[in-house]
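Structure record follows, encoded as structure tokens.
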Amino acid sequence: MRVETKIGLRYLKSKRKEAFIAFTTWIAITGIAIGVMALIVVIAVMTGFQEEIKSRILGINPHILILSLEGEIKNPTPVIESIKKENGVTHAFPFIQFQALIQGKRQQQGVIVKGVEPQSVDFLKQIVKSGDLNVLQEKGKALIGKELSRQLNLAPGDDFYLFIPYAGVSPTGLIPDVVSFKVGGVIETGIFDVDSVMIVVSLNDIQRLTGYGTTGIEIRLKDAYLANKMKETLVRKLGNPYIGRTWVEMNKNLFSALKLEKIAMFIILALIILVASFNIISSLVMTVMEKRKDIAILKSFGAKRKTIMKIFIIEGVTIGVVGAIFGSFFGYSLCEIIKRYKIVSLPQDVYYITNLPVKISLWDVFLVASITMVICILSTLYPSYKASRVNPVEALRYE
């Protein structure tokens, strides 16, 4: 063991004349541990929220949306066949989407109607909470969002009416139409804004009743995170007038807000560690004052300024290491407890998530610990510099 390390660790373990100095050392360790623990827990929760929202968005939204600048895709079949040839594409199917007015038992409400091919949307089975996805193959049946069914008091088997604003053409212009449907099942995406307005029906039903053309083509991939690259490939392959949008682009504002919030929380909680580092400064300054005689003796034996600085840097860094280790351990353990036992419940009508989502990343833990160490090292520079400037003659004059 190098002499600087040995002396620095002895200063931590030795019984000091001033007990208050030892007390401030423990305060510094505790403050850093609490700051690291809080930072790890908050980052894990924010990451959990991001992943939860992503999974819910990808549960109902397409990974890529192909649209036409002409408004409708009149003959989608050759386009779909061309898309399916690309490696990584799992689903590609046409859809129709428009706004309508639903008439329930006692009230009306604006909704979004989406027409899809029942045989192409098997991935929607995971969000069907009541009924069966196969009901879409039956004429006149639909799946409605959970919140919409609650608001309108509709259950599987109940009838409802859709007021479609542009369902036909007369000599006087476009005319609305009223279409009768039966609730075949209830879907729950976990996103309130979707579950309160969404109605899914058969594409053939909508085209037969309204004569609408295909709005666009939905595409799902093996890896949703390759959507940007695949979109560029498909748009280049299909050419004009087709354009593409990815799930990231369609939810850009949401993900930007979550990312900004995570960064803001990181900065705010990092200030806790910064404040705790001032305890390291005060503890080392008082240690330097107490150990002036020792420093003078070391210098009289030929110790250089760098050697003195290293002694107190090692002492301060040790405090930071111990605090970071304890904080990381307790932070990781708390995240595991929250994740496994779901001890933190959330009001579903506010957050639409029943339990606090937590996702622990070892990279985040390493990043927090690294930043803590940098702050602790910087906080040791001033006290160690002051220690190196001690004049041995002045320190030993009255000894």
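Note on naming: chains are A, B, ... as they come in the structure tokens, residues start from 1 per chain, ligands start from 1 in the order shown.
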- Leaving out Leu58 (chain A) and any residue of its chain fewer than 5 positions from it, which residues lie within 12 Å of it when counting only C-alpha atoms, given as a list of chain:residue names? A:Glu51, A:Glu52, A:Ile53, A:His63, A:Ile64, A:Phe123, A:Leu124, A:Gln126, A:Ile127, A:Thr189, A:Gly190, A:Ile191, A:Ile219, A:Arg220, A:Leu221, A:Lys222, A:Asp223, A:Ala224, A:Tyr225, A:Ala227, A:Thr246, A:Trp247, A:Val248, A:Met250, A:Asn251
- Query: Can you list every residue in region 144-191 of chain A that DSSP puts in strand (DSSP E), as a VMD selection string?
  - Reply: chain A and resid 144 to 145 159 to 170 173 to 187
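Of the listed residues (A:Ile314, A:Leu143, A:Val111, A:Cys376), A:Leu143 comes nearest to Lys125 (chain A); the distances count only C-alpha atoms.
You will find CA of Glu188 (chain A) at 20.5 Å from CA of Gln103 (chain A).
All residues of protein, DNA or RNA that reach within 12 Å of Asp294 (chain A), judged by only C-alpha atoms and not counting those fewer than 6 positions away in the chain, are Ile7, Gly8, Tyr11, Thr287, Val288, Ser300, Phe301, Ala303, Ile308, Ile311, Ala387, Ser388, Val390, Asn391, Pro392, Ala395, Leu396 and Glu399 of chain A.
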Write out, as a PDB file, in the first residue's frame, the residues just selected, with N, CA and C atoms.
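Okay, this is what ended up in selection33.pdb:
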ATOM      1  N   ILE A   7      -1.827   6.519   5.010  1.00  0.00           N
ATOM      2  CA  ILE A   7      -2.053   7.631   5.954  1.00  0.00           C
ATOM      3  C   ILE A   7      -3.474   8.169   5.819  1.00  0.00           C
ATOM      4  N   GLY A   8      -3.961   8.302   4.566  1.00  0.00           N
ATOM      5  CA  GLY A   8      -5.311   8.807   4.341  1.00  0.00           C
ATOM      6  C   GLY A   8      -6.363   7.937   4.993  1.00  0.00           C
ATOM      7  N   TYR A  11      -6.299   8.282   8.843  1.00  0.00           N
ATOM      8  CA  TYR A  11      -6.979   9.490   9.310  1.00  0.00           C
ATOM      9  C   TYR A  11      -8.489   9.263   9.427  1.00  0.00           C
ATOM     10  N   THR A 287     -10.023  18.490   9.372  1.00  0.00           N
ATOM     11  CA  THR A 287      -8.973  17.475   9.541  1.00  0.00           C
ATOM     12  C   THR A 287      -7.599  18.088   9.302  1.00  0.00           C
ATOM     13  N   VAL A 288      -7.509  18.954   8.306  1.00  0.00           N
ATOM     14  CA  VAL A 288      -6.236  19.639   8.029  1.00  0.00           C
ATOM     15  C   VAL A 288      -5.813  20.482   9.227  1.00  0.00           C
ATOM     16  N   SER A 300       8.888  17.743   7.025  1.00  0.00           N
ATOM     17  CA  SER A 300      10.271  17.784   7.530  1.00  0.00           C
ATOM     18  C   SER A 300      11.034  16.517   7.162  1.00  0.00           C
ATOM     19  N   PHE A 301      10.290  15.418   6.913  1.00  0.00           N
ATOM     20  CA  PHE A 301      10.915  14.171   6.457  1.00  0.00           C
ATOM     21  C   PHE A 301      11.119  14.151   4.955  1.00  0.00           C
ATOM     22  N   ALA A 303       8.513  14.955   2.606  1.00  0.00           N
ATOM     23  CA  ALA A 303       7.296  14.728   1.812  1.00  0.00           C
ATOM     24  C   ALA A 303       7.013  15.942   0.935  1.00  0.00           C
ATOM     25  N   ILE A 308       1.231  15.279   0.159  1.00  0.00           N
ATOM     26  CA  ILE A 308       0.256  15.781   1.143  1.00  0.00           C
ATOM     27  C   ILE A 308      -1.126  15.892   0.506  1.00  0.00           C
ATOM     28  N   ILE A 311      -2.865  12.517   0.162  1.00  0.00           N
ATOM     29  CA  ILE A 311      -3.373  11.972   1.436  1.00  0.00           C
ATOM     30  C   ILE A 311      -4.814  12.418   1.663  1.00  0.00           C
ATOM     31  N   ALA A 387      -3.793  21.939   2.678  1.00  0.00           N
ATOM     32  CA  ALA A 387      -2.905  21.083   3.473  1.00  0.00           C
ATOM     33  C   ALA A 387      -1.484  21.119   2.926  1.00  0.00           C
ATOM     34  N   SER A 388      -1.368  21.137   1.607  1.00  0.00           N
ATOM     35  CA  SER A 388      -0.028  21.124   1.003  1.00  0.00           C
ATOM     36  C   SER A 388       0.720  22.438   1.227  1.00  0.00           C
ATOM     37  N   VAL A 390       0.769  24.089   4.104  1.00  0.00           N
ATOM     38  CA  VAL A 390       1.129  24.261   5.516  1.00  0.00           C
ATOM     39  C   VAL A 390       2.647  24.423   5.654  1.00  0.00           C
ATOM     40  N   ASN A 391       3.038  25.444   6.388  1.00  0.00           N
ATOM     41  CA  ASN A 391       4.464  25.715   6.621  1.00  0.00           C
ATOM     42  C   ASN A 391       4.904  24.920   7.853  1.00  0.00           C
ATOM     43  N   PRO A 392       5.850  23.980   7.702  1.00  0.00           N
ATOM     44  CA  PRO A 392       6.259  23.150   8.859  1.00  0.00           C
ATOM     45  C   PRO A 392       6.880  23.963   9.993  1.00  0.00           C
ATOM     46  N   ALA A 395       4.016  25.486  11.895  1.00  0.00           N
ATOM     47  CA  ALA A 395       3.212  24.463  12.582  1.00  0.00           C
ATOM     48  C   ALA A 395       3.914  23.904  13.797  1.00  0.00           C
ATOM     49  N   LEU A 396       5.278  23.846  13.787  1.00  0.00           N
ATOM     50  CA  LEU A 396       6.029  23.208  14.875  1.00  0.00           C
ATOM     51  C   LEU A 396       6.675  24.216  15.823  1.00  0.00           C
ATOM     52  N   GLU A 399       5.652  23.707  19.471  1.00  0.00           N
ATOM     53  CA  GLU A 399       5.567  22.318  19.937  1.00  0.00           C
ATOM     54  C   GLU A 399       6.754  21.996  20.831  1.00  0.00           C
TER      55      GLU A 399
END
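If you measure from each of A:Leu209, A:Arg245, A:Pro165, A:Leu226 to Asn61 (chain A) using only C-alpha atoms, the closest one turns out to be A:Arg245.
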- Note on the structure: Separating CA of Leu152 (chain A) from CA of Gly104 (chain A), to the nearest tenth of an Å, is a gap of 5.5 Å
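Inside region 91-228 of chain A, the residues DSSP reads as alpha helix (DSSP H) when given the backbone are Lys146, Glu147, Leu148, Ser149, Arg150, Gln151, Leu152, Phe192, Asp193, Val194, Asp195, Leu203, Asn204, Asp205, Ile206, Gln207, Arg208, Leu209, Thr210, Ala227 and Asn228 of chain A.
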Restricting it to C-alpha atoms, dump the selection as a PDB file, in the first residue's frame.
ATOM      1  CA  LYS A 146     -63.019   0.645 -22.265  1.00  0.00           C
ATOM      2  CA  GLU A 147     -63.541   4.263 -21.207  1.00  0.00           C
ATOM      3  CA  LEU A 148     -66.001   4.828 -24.043  1.00  0.00           C
ATOM      4  CA  SER A 149     -68.031   1.795 -22.976  1.00  0.00           C
ATOM      5  CA  ARG A 150     -68.039   3.081 -19.392  1.00  0.00           C
ATOM      6  CA  GLN A 151     -69.081   6.606 -20.341  1.00  0.00           C
ATOM      7  CA  LEU A 152     -71.912   5.400 -22.594  1.00  0.00           C
ATOM      8  CA  PHE A 192     -57.016   7.240 -21.726  1.00  0.00           C
ATOM      9  CA  ASP A 193     -57.232   9.454 -24.823  1.00  0.00           C
ATOM     10  CA  VAL A 194     -57.467   6.360 -27.031  1.00  0.00           C
ATOM     11  CA  ASP A 195     -59.777   4.236 -24.872  1.00  0.00           C
ATOM     12  CA  LEU A 203     -62.802  -2.653 -43.078  1.00  0.00           C
ATOM     13  CA  ASN A 204     -65.309  -4.358 -45.365  1.00  0.00           C
ATOM     14  CA  ASP A 205     -68.239  -3.152 -43.252  1.00  0.00           C
ATOM     15  CA  ILE A 206     -67.156   0.482 -43.468  1.00  0.00           C
ATOM     16  CA  GLN A 207     -66.387   0.357 -47.176  1.00  0.00           C
ATOM     17  CA  ARG A 208     -69.708  -1.339 -47.914  1.00  0.00           C
ATOM     18  CA  LEU A 209     -71.696   1.176 -45.878  1.00  0.00           C
ATOM     19  CA  THR A 210     -69.858   4.376 -46.760  1.00  0.00           C
ATOM     20  CA  ALA A 227     -38.806   2.180 -37.791  1.00  0.00           C
ATOM     21  CA  ASN A 228     -36.918   5.265 -39.028  1.00  0.00           C
TER      22      ASN A 228
END
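Using only C-alpha atoms, the residues found no farther than 12 Å from Arg340 (chain A), other than those of its own chain fewer than 3 positions away, are Ser333, Leu334, Cys335, Glu336, Ile337, Ile343, Val344, Asn355, Leu356, Pro357, Val358, Lys359 and Ile360 of chain A.
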Those same residues, written as an mmCIF file, in the first residue's frame with N, CA and C atoms?
data_model
loop_
_atom_site.group_PDB
_atom_site.id
_atom_site.type_symbol
_atom_site.label_atom_id
_atom_site.label_comp_id
_atom_site.auth_asym_id
_atom_site.auth_seq_id
_atom_site.Cartn_x
_atom_site.Cartn_y
_atom_site.Cartn_z
ATOM 1 N N SER A 333 -31.840 -1.683 -4.206
ATOM 2 C CA SER A 333 -32.710 -2.563 -3.409
ATOM 3 C C SER A 333 -34.123 -2.005 -3.323
ATOM 4 N N LEU A 334 -34.247 -0.694 -3.119
ATOM 5 C CA LEU A 334 -35.570 -0.071 -3.039
ATOM 6 C C LEU A 334 -36.320 -0.202 -4.359
ATOM 7 N N CYS A 335 -35.610 -0.034 -5.458
ATOM 8 C CA CYS A 335 -36.241 -0.207 -6.782
ATOM 9 C C CYS A 335 -36.742 -1.632 -6.968
ATOM 10 N N GLU A 336 -35.943 -2.604 -6.559
ATOM 11 C CA GLU A 336 -36.347 -4.004 -6.672
ATOM 12 C C GLU A 336 -37.580 -4.297 -5.816
ATOM 13 N N ILE A 337 -37.623 -3.719 -4.613
ATOM 14 C CA ILE A 337 -38.774 -3.933 -3.726
ATOM 15 C C ILE A 337 -40.037 -3.332 -4.343
ATOM 16 N N ILE A 343 -45.521 -1.932 -4.065
ATOM 17 C CA ILE A 343 -45.992 -1.330 -2.812
ATOM 18 C C ILE A 343 -46.508 0.096 -3.004
ATOM 19 N N VAL A 344 -46.210 0.714 -4.160
ATOM 20 C CA VAL A 344 -46.672 2.081 -4.422
ATOM 21 C C VAL A 344 -47.794 2.023 -5.450
ATOM 22 N N ASN A 355 -49.855 0.808 -10.728
ATOM 23 C CA ASN A 355 -48.683 0.750 -9.845
ATOM 24 C C ASN A 355 -47.544 1.572 -10.421
ATOM 25 N N LEU A 356 -46.667 2.011 -9.533
ATOM 26 C CA LEU A 356 -45.523 2.807 -9.950
ATOM 27 C C LEU A 356 -44.575 1.948 -10.788
ATOM 28 N N PRO A 357 -44.373 2.303 -12.075
ATOM 29 C CA PRO A 357 -43.489 1.501 -12.920
ATOM 30 C C PRO A 357 -42.024 1.795 -12.625
ATOM 31 N N VAL A 358 -41.220 0.763 -12.530
ATOM 32 C CA VAL A 358 -39.793 0.925 -12.230
ATOM 33 C C VAL A 358 -38.988 0.058 -13.183
ATOM 34 N N LYS A 359 -37.992 0.661 -13.798
ATOM 35 C CA LYS A 359 -37.056 -0.100 -14.621
ATOM 36 C C LYS A 359 -35.641 0.320 -14.246
ATOM 37 N N ILE A 360 -34.891 -0.621 -13.697
ATOM 38 C CA ILE A 360 -33.535 -0.330 -13.224
ATOM 39 C C ILE A 360 -32.539 -0.611 -14.343
#
- Task: Please provide as a PyMOL selection string all residues within 12 Å of Ala264 (chain A), with the sequence filter that same-chain residues fewer than 6 positions apart are discarded (counting only C-alpha atoms).
- Result: chain A and resi 39+42-43+46+257-258+270-271
Please report, as a tab-separated table, each residue of region 16-76 of chain A lying at most 12 Å from region 93-102 of chain A, together with the nearest pair of atoms and the separation in Å rounded to one decimal; use only C-alpha atoms, and order rows by chain and ascending residue number.
residue	atom	partner	partner_atom	distance
A:Pro62	CA	A:Phe93	CA	10.3
A:Ile64	CA	A:Phe93	CA	11.2
A:Leu65	CA	A:Pro94	CA	9.9
A:Ile66	CA	A:Pro94	CA	9.3
A:Leu67	CA	A:Pro94	CA	10.2
A:Gly71	CA	A:Ile96	CA	11.5
A:Glu72	CA	A:Ile96	CA	9.3
A:Ile73	CA	A:Pro94	CA	8.8
A:Lys74	CA	A:Pro94	CA	10.6
A:Asn75	CA	A:Pro94	CA	9.9
A:Pro76	CA	A:Pro94	CA	6.8
- Item | Selection near Ile375 (chain A), 7 Å with only C-alpha atoms, sequence-local residues under 3 positions removed, as a PyMOL selection string | chain A and resi 274+277+371-372+378-379
Find the residues around Ala155 (chain A) up to 8 Å (only C-alpha atoms counted), leave out those fewer than 6 positions away in its own chain, and share them as a PDB file with N, CA and C atoms, in the first residue's frame.
ATOM      1  N   SER A 149     -66.947   2.680 -23.406  1.00  0.00           N
ATOM      2  CA  SER A 149     -68.031   1.795 -22.976  1.00  0.00           C
ATOM      3  C   SER A 149     -68.551   2.181 -21.593  1.00  0.00           C
ATOM      4  N   VAL A 183     -72.027  -3.942 -30.045  1.00  0.00           N
ATOM      5  CA  VAL A 183     -70.753  -4.072 -29.322  1.00  0.00           C
ATOM      6  C   VAL A 183     -70.357  -5.542 -29.274  1.00  0.00           C
ATOM      7  N   GLY A 185     -67.080  -6.418 -28.341  1.00  0.00           N
ATOM      8  CA  GLY A 185     -66.039  -6.571 -27.329  1.00  0.00           C
ATOM      9  C   GLY A 185     -65.512  -5.223 -26.885  1.00  0.00           C
ATOM     10  N   VAL A 186     -64.707  -5.238 -25.817  1.00  0.00           N
ATOM     11  CA  VAL A 186     -64.140  -4.024 -25.245  1.00  0.00           C
ATOM     12  C   VAL A 186     -62.616  -4.133 -25.282  1.00  0.00           C
TER      13      VAL A 186
END
